[in-house]
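Heads up: the structure comes next, in structure tokens.
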Amino acid sequence: MAAAAPPVDDTITLDQLARDPFPVYRRLRTEAPVCRVAATGRILLTKAADTRYVKDTPGLFSSDDPDTPMRRAFHAHTLMRKDGAAHQRERQAMAPAFAPRVIRDVWMPAYQRIAEEYVARLPRGEVVDLFPALSGPYAARGLAIVLGLDEASDDEMQRWSQALIDGAGNFGWRDEPFARSDAANAEMHALFDRLAVRHRADPGPSALSVMLNADDPIPHSQIHANIKIAIGGGINEPRDALNTTLAGLLSNPDQLAEIRRTGDWDRAFEEGIRWVAPISVSARVAAEETEIRGCRIAAGDTVMTVQASANRDEDVVENGEVYNAFRTPVPHQSFGNGPHFCMGTHIARRAIAQVMLPVLFDRFPNLSLPDPEAVIWRGFGFHGPVTLPVLLQ
Ligand code: HEM
């Protein structure tokens with residue numbers, strides 16, 4: 001018997017997915033794990049086995065989605081949207097900047113200095129929103145150093161990142177988000193060209209430097225494209241991962257006390273991004289007709305792997321809706337799977353779990369969340385707290 005088309009849900013709204021997606025995902029996992037959600041125009045996959053399968057099968061599920069506004073926003077076709085050898089070539093070009101030895105000897109000491117400086121400037125005894133005061137700037141500064149863009153300010157890095165994200169998500173093809181991403185592109189290109197002179201004269205381990213100085217460099221346009229994808233994809237997630245982990249710990253003071261006693265911040269971080277995946281969804285396009293769980297996926301259909309849902313799938317995790325740093329570790333999918341697995345995984349893990357969390361709690365041992373209701377969560381593609389007002393003490 002031929003596979004049936006996936007069921008269609010036209011009740012779910014984009015607003016619901018941005019504000020409180022987890023009850024929707026829970027229902028879909030039970031009732032319709034392969035479901036065309038009309039508001040997104042995409043087929044959502046909400047079970048862990050399916051999201052993993054799609055990302056691990058790039059021959060059948062391509063990353064090259066021709067219908068998204070991403071190319072327009074980035075003025076480029078980035079490595080994230082390429083497949084096979086073309087993807088590997090560009091990924092390899094950036095890889096030396098992410099080598100374990102470079103992370104240990106160069107980037108982590110830099111993150112340590114930044115963490116100490118940024119935590120030291122926080123006031124004591126006041127309620128402060130950590131999103132703008134710490135998490136955003138920390139993620140921006142660290143990334144600027146790793147990419148070789150140290151002349152860019154924290155505000156510029158965050159503004160460019162947001163402009164690229166808003167442009168890439170501009171499915172209504174409105175003018176205003178593209179005007180902002182166009183302006184950001186112009187500013188970024190000017191900076192990259194200015195810095196290229198210095199990086200050529202004085203090579204270092206940063207992503208821009210290793211790509212420029214390679215024996216067989218990738219085209220100039222792709223060097224720019226992939227620095228931009230790292231800007232668009234390397235600030236929000238560590239920022240949100242830090243905020244999410246803090247929200248989980250501060251809402252569970254017993255767990256926080258135990259983590260402080262053991263110093264096992266890795267566990268707190270890993271559970272934070274399992275609980276709320278900073279990148280909730282990824283898109284893949286079916287290269288030919290196929291089926292998942294008996295539902296037909298036509299050639300050219302875009303499926304969305306919902307890793308935010310996979311991480312709470314009842315088949316792999318018990319009571320996944322709650323933050324529990326002491327659960328038996330479960331294999332989460334927050335860094336993706338397959339050939340596009342996040343290049344910044346080890347940097348993000350260490351910069352947050354081994355650097356920022358210990359530095360922050362060392363300076364503010366009684367850090368607390370005076371009003372848990374004041375933590376506001378938002379976002380469909382990216383999900384995390386947009387406010388995190390904590391009492392610094
Ligand atoms: C907690 C923090 C982070 C999370 C949760 C995260 C998550 C992800 C995910 C899910 C993907 C795969 C997307 C897909 O399959 O389509 C990805 C790709 C990527 N990430 Fe991250 N990321 C984080 C931090 C970073 C950082 C700090 C950097 C840069 C320093 C970075 C650089 C990249 C790059 C370049 C890719 C594209 C890889 C490729 O297409 O081959 N990420 N990230």
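All residue names refer to the structure tokens as shown: chains lettered A, B, ... in order, residues numbered from 1 in each chain, ligands numbered from 1 in order.
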(request) Quick one: everything within 8 Å of Leu14 (chain A), counting only C-alpha atoms, minus sequence neighbours fewer than 4 positions away in the same chain. Send it as a list in words. (result) Ala18, Ala39, Thr40 and Phe380 of chain A
Could you take the residues named above and write them with all heavy atoms, as an mmCIF file, in the first residue's frame?
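Okay, part_5.cif is ready:
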data_model
loop_
_atom_site.group_PDB
_atom_site.id
_atom_site.type_symbol
_atom_site.label_atom_id
_atom_site.label_comp_id
_atom_site.auth_asym_id
_atom_site.auth_seq_id
_atom_site.Cartn_x
_atom_site.Cartn_y
_atom_site.Cartn_z
ATOM 1 N N ALA A 18 6.243 30.152 19.163
ATOM 2 C CA ALA A 18 7.265 31.065 19.686
ATOM 3 C C ALA A 18 7.159 31.210 21.205
ATOM 4 O O ALA A 18 8.166 31.330 21.893
ATOM 5 C CB ALA A 18 7.135 32.434 19.028
ATOM 6 N N ALA A 39 0.813 26.466 9.548
ATOM 7 C CA ALA A 39 1.366 27.803 9.815
ATOM 8 C C ALA A 39 2.842 27.898 9.419
ATOM 9 O O ALA A 39 3.325 28.986 9.095
ATOM 10 C CB ALA A 39 1.203 28.154 11.283
ATOM 11 N N THR A 40 3.559 26.785 9.442
ATOM 12 C CA THR A 40 4.989 26.826 9.090
ATOM 13 C C THR A 40 5.207 26.471 7.621
ATOM 14 O O THR A 40 6.306 26.687 7.097
ATOM 15 C CB THR A 40 5.802 25.809 9.930
ATOM 16 O OG1 THR A 40 5.396 24.481 9.562
ATOM 17 C CG2 THR A 40 5.595 26.006 11.420
ATOM 18 N N PHE A 380 10.736 30.549 17.907
ATOM 19 C CA PHE A 380 10.438 29.258 17.265
ATOM 20 C C PHE A 380 11.746 28.616 16.788
ATOM 21 O O PHE A 380 12.148 27.574 17.276
ATOM 22 C CB PHE A 380 9.440 29.460 16.114
ATOM 23 C CG PHE A 380 9.251 28.233 15.258
ATOM 24 C CD1 PHE A 380 9.065 26.981 15.848
ATOM 25 C CD2 PHE A 380 9.262 28.316 13.871
ATOM 26 C CE1 PHE A 380 8.892 25.828 15.066
ATOM 27 C CE2 PHE A 380 9.084 27.174 13.085
ATOM 28 C CZ PHE A 380 8.908 25.937 13.677
#
(message) Taking only C-alpha atoms and all ligand atoms and a cut-off of 7 Å, can you tell me which residues surround ligand 1, written as a PyMOL selection string?
(response) chain A and resi 55+63+79-81+87+91+143+146+229-230+233-235+237-238+241+273+277-279+282-283+334-337+339-345+347-349
(request) Excluding Val390 (chain A) and residues on its chain fewer than 4 positions from it, collect all residues at most 9 Å away from it, counting only C-alpha atoms, and give them as a list in words. (result)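 The neighbour list is Glu126, Val127, Val128, Asp129, Leu130, Leu250, Leu367, Ser368, Leu369, Pro370 and Asp371 of chain A.
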(request) For each of A:Met94, A:Ala73, A:Leu134, A:Met188, take the minimum atom-to-atom distance to Leu164 (chain A), counting only C-alpha atoms, then give the residue where this is smallest. (result)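 Closest to Leu164 (chain A) of all the choices is A:Ala73.
Comparing A:Thr262, A:Ser161, A:Gln255, A:Thr387 by their smallest distance to Arg327 (chain A), the closest is A:Gln255 (using only C-alpha atoms).
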(request) Would you list, as a ChimeraX atom specification, the residues of region 127-339 of chain A that end up in helix (DSSP H, G or I) under DSSP run on this structure's backbone? (result) /A:130-147,154-168,175-201,207-212,220-234,236-250,253-262,265-275,307-310,338-339
(message) Counting only C-alpha atoms, which residue out of A:Ser309, A:Thr46, A:Gln16, A:Thr78 sits closest to Lys228 (chain A)?
(response)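 Looking only at the distances to Lys228 (chain A), the closest residue turns out to be A:Thr78.
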(request) May I ask which of the residues A:Val281, A:Ile227, A:Ala163, A:Ile292 is the closest one to Ala76 (chain A), counting only C-alpha atoms? (result)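 Once distances to Ala76 (chain A) are computed over only C-alpha atoms, the minimum belongs to A:Ile227.
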(request) For CA of Ala225 (chain A) and CA of Arg113 (chain A), determine how far apart the two atoms are, in Å to one decimal place. (result)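 It comes out at 28.9 Å.
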(request) Using only C-alpha atoms, pick whichever of A:Ile43, A:Val8, A:Ile145, A:Ala201 has the shortest atom-to-atom distance to Val106 (chain A). (result)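 Ranked by minimum distance to Val106 (chain A), first place goes to A:Ile145.
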(message) I want to know what sits within 12 Å of Glu314 (chain A), based on only C-alpha atoms, with residues of the same chain fewer than 2 positions away left out; could you give that as a PyMOL selection string?
(response) chain A and resi 25-27+29-30+46-49+309-312+316-321+330
Give me a file of those residues, with all heavy atoms, as a short mmCIF file (atom, residue, chain, number, x, y, z; two decimals), in the first residue's frame.
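File produced: result.cif:
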data_model
loop_
_atom_site.label_atom_id
_atom_site.label_comp_id
_atom_site.auth_asym_id
_atom_site.auth_seq_id
_atom_site.Cartn_x
_atom_site.Cartn_y
_atom_site.Cartn_z
N TYR A 25 4.59 20.32 20.97
CA TYR A 25 5.47 19.23 20.56
C TYR A 25 5.06 17.92 21.24
O TYR A 25 5.08 16.85 20.63
CB TYR A 25 6.94 19.54 20.91
CG TYR A 25 7.51 20.75 20.19
CD1 TYR A 25 8.51 21.53 20.77
CD2 TYR A 25 7.04 21.12 18.93
CE1 TYR A 25 9.04 22.63 20.11
CE2 TYR A 25 7.57 22.22 18.27
CZ TYR A 25 8.57 22.97 18.87
OH TYR A 25 9.08 24.05 18.21
N ARG A 26 4.69 18.02 22.53
CA ARG A 26 4.29 16.80 23.26
C ARG A 26 3.07 16.17 22.59
O ARG A 26 3.01 14.97 22.39
CB ARG A 26 3.99 17.15 24.73
CG ARG A 26 3.86 15.91 25.61
CD ARG A 26 3.83 16.26 27.08
NE ARG A 26 2.81 17.25 27.37
CZ ARG A 26 2.95 18.26 28.23
NH1 ARG A 26 4.08 18.42 28.88
NH2 ARG A 26 1.98 19.10 28.45
N ARG A 27 2.11 17.00 22.23
CA ARG A 27 0.91 16.47 21.57
C ARG A 27 1.26 15.86 20.21
O ARG A 27 0.81 14.77 19.87
CB ARG A 27 -0.12 17.61 21.38
CG ARG A 27 -1.37 17.17 20.63
CD ARG A 27 -2.46 18.21 20.67
NE ARG A 27 -2.21 19.40 19.87
CZ ARG A 27 -2.28 19.47 18.54
NH1 ARG A 27 -2.57 18.39 17.84
NH2 ARG A 27 -2.06 20.61 17.90
N ARG A 29 4.10 14.56 19.26
CA ARG A 29 4.83 13.28 19.43
C ARG A 29 3.85 12.13 19.62
O ARG A 29 4.08 11.04 19.13
CB ARG A 29 5.78 13.36 20.64
CG ARG A 29 7.04 14.13 20.41
CD ARG A 29 8.08 13.85 21.49
NE ARG A 29 7.69 14.13 22.85
CZ ARG A 29 7.76 15.32 23.43
NH1 ARG A 29 8.21 16.37 22.77
NH2 ARG A 29 7.40 15.48 24.69
N THR A 30 2.76 12.39 20.33
CA THR A 30 1.79 11.33 20.60
C THR A 30 0.83 11.12 19.43
O THR A 30 0.57 10.00 19.02
CB THR A 30 0.94 11.71 21.85
OG1 THR A 30 1.83 12.14 22.85
CG2 THR A 30 0.13 10.54 22.34
N THR A 46 8.88 15.26 15.12
CA THR A 46 9.06 15.56 16.54
C THR A 46 9.62 14.41 17.37
O THR A 46 9.83 14.57 18.56
CB THR A 46 7.71 16.02 17.15
OG1 THR A 46 6.66 15.16 16.66
CG2 THR A 46 7.40 17.45 16.79
N LYS A 47 9.88 13.24 16.72
CA LYS A 47 10.43 12.10 17.48
C LYS A 47 11.95 12.03 17.29
O LYS A 47 12.47 12.25 16.18
CB LYS A 47 9.81 10.78 17.00
CG LYS A 47 8.33 10.65 17.27
CD LYS A 47 8.01 10.47 18.75
CE LYS A 47 8.19 9.05 19.21
NZ LYS A 47 7.89 8.92 20.67
N ALA A 48 12.65 11.65 18.37
CA ALA A 48 14.11 11.64 18.36
C ALA A 48 14.69 10.75 17.26
O ALA A 48 15.65 11.11 16.58
CB ALA A 48 14.63 11.19 19.72
N ALA A 49 14.09 9.57 17.07
CA ALA A 49 14.64 8.64 16.07
C ALA A 49 14.54 9.27 14.67
O ALA A 49 15.44 9.09 13.84
CB ALA A 49 13.89 7.32 16.11
N SER A 309 12.02 19.05 20.48
CA SER A 309 11.07 18.00 20.84
C SER A 309 11.79 16.67 21.03
O SER A 309 11.51 15.93 21.98
CB SER A 309 10.01 17.89 19.74
OG SER A 309 9.20 16.77 19.95
N ALA A 310 12.73 16.37 20.12
CA ALA A 310 13.48 15.11 20.22
C ALA A 310 14.11 14.95 21.60
O ALA A 310 14.13 13.87 22.18
CB ALA A 310 14.56 15.08 19.14
N ASN A 311 14.60 16.07 22.15
CA ASN A 311 15.29 16.03 23.44
C ASN A 311 14.35 15.72 24.60
O ASN A 311 14.81 15.48 25.72
CB ASN A 311 15.93 17.40 23.73
CG ASN A 311 17.13 17.66 22.87
OD1 ASN A 311 17.62 16.78 22.19
ND2 ASN A 311 17.62 18.90 22.91
N ARG A 312 13.03 15.80 24.36
CA ARG A 312 12.07 15.49 25.43
C ARG A 312 11.25 14.26 25.08
O ARG A 312 10.25 13.97 25.73
CB ARG A 312 11.14 16.68 25.65
CG ARG A 312 11.85 17.93 26.16
CD ARG A 312 10.86 19.03 26.45
NE ARG A 312 11.52 20.23 26.97
CZ ARG A 312 10.92 21.15 27.72
NH1 ARG A 312 9.64 21.03 28.01
NH2 ARG A 312 11.59 22.20 28.16
N VAL A 316 13.14 8.32 24.78
CA VAL A 316 14.56 8.38 25.17
C VAL A 316 14.78 9.02 26.54
O VAL A 316 15.85 8.86 27.12
CB VAL A 316 15.43 9.14 24.13
CG1 VAL A 316 15.54 8.37 22.83
CG2 VAL A 316 14.93 10.54 23.87
N VAL A 317 13.81 9.75 27.06
CA VAL A 317 14.04 10.43 28.33
C VAL A 317 12.77 10.40 29.18
O VAL A 317 11.67 10.61 28.68
CB VAL A 317 14.55 11.88 28.10
CG1 VAL A 317 13.61 12.69 27.24
CG2 VAL A 317 14.80 12.61 29.41
N GLU A 318 12.99 10.14 30.46
CA GLU A 318 11.85 10.08 31.38
C GLU A 318 11.62 11.46 31.95
O GLU A 318 12.58 12.13 32.36
CB GLU A 318 12.23 9.13 32.52
CG GLU A 318 11.07 8.31 33.05
CD GLU A 318 11.57 7.29 34.06
OE1 GLU A 318 12.26 6.34 33.61
OE2 GLU A 318 11.32 7.48 35.25
N ASN A 319 10.37 11.89 31.98
CA ASN A 319 10.04 13.18 32.60
C ASN A 319 10.86 14.31 31.99
O ASN A 319 11.41 15.16 32.70
CB ASN A 319 10.30 13.09 34.11
CG ASN A 319 9.35 13.98 34.88
OD1 ASN A 319 8.46 14.60 34.29
ND2 ASN A 319 9.56 14.08 36.18
N GLY A 320 10.97 14.30 30.67
CA GLY A 320 11.85 15.23 29.97
C GLY A 320 11.43 16.69 30.04
O GLY A 320 12.22 17.57 29.67
N GLU A 321 10.22 16.96 30.52
CA GLU A 321 9.78 18.36 30.57
C GLU A 321 10.47 19.13 31.68
O GLU A 321 10.44 20.36 31.70
CB GLU A 321 8.25 18.45 30.76
CG GLU A 321 7.41 17.67 29.74
CD GLU A 321 7.45 18.22 28.32
OE1 GLU A 321 7.58 19.45 28.16
OE2 GLU A 321 7.38 17.42 27.37
N VAL A 330 21.27 11.68 28.96
CA VAL A 330 20.62 11.16 27.74
C VAL A 330 21.28 11.82 26.53
O VAL A 330 21.70 12.97 26.61
CB VAL A 330 19.10 11.45 27.72
CG1 VAL A 330 18.36 10.57 28.68
CG2 VAL A 330 18.81 12.91 28.00
#
(request) Write out as a ChimeraX atom specification each polymer residue whose atoms come within 9 Å of Asp10 (chain A), counting only C-alpha atoms; drop sequence neighbours fewer than 6 positions from it. (result) /A:36-39
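We find CA of Gly232 (chain A) and CA of Phe74 (chain A) to be spaced 9.3 Å apart.
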(request) Identify which of the residues A:Arg296, A:Arg159, A:Arg350, A:Arg267 lies closest to Leu249 (chain A), counting only C-alpha atoms when measuring atom-to-atom distances. (result)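 Of A:Arg296, A:Arg159, A:Arg350, A:Arg267, the one nearest Leu249 (chain A), counting only C-alpha atoms, is A:Arg267.
Taking CA of Asp313 (chain A) and CA of Leu17 (chain A) as endpoints, the distance between them is 17.2 Å.
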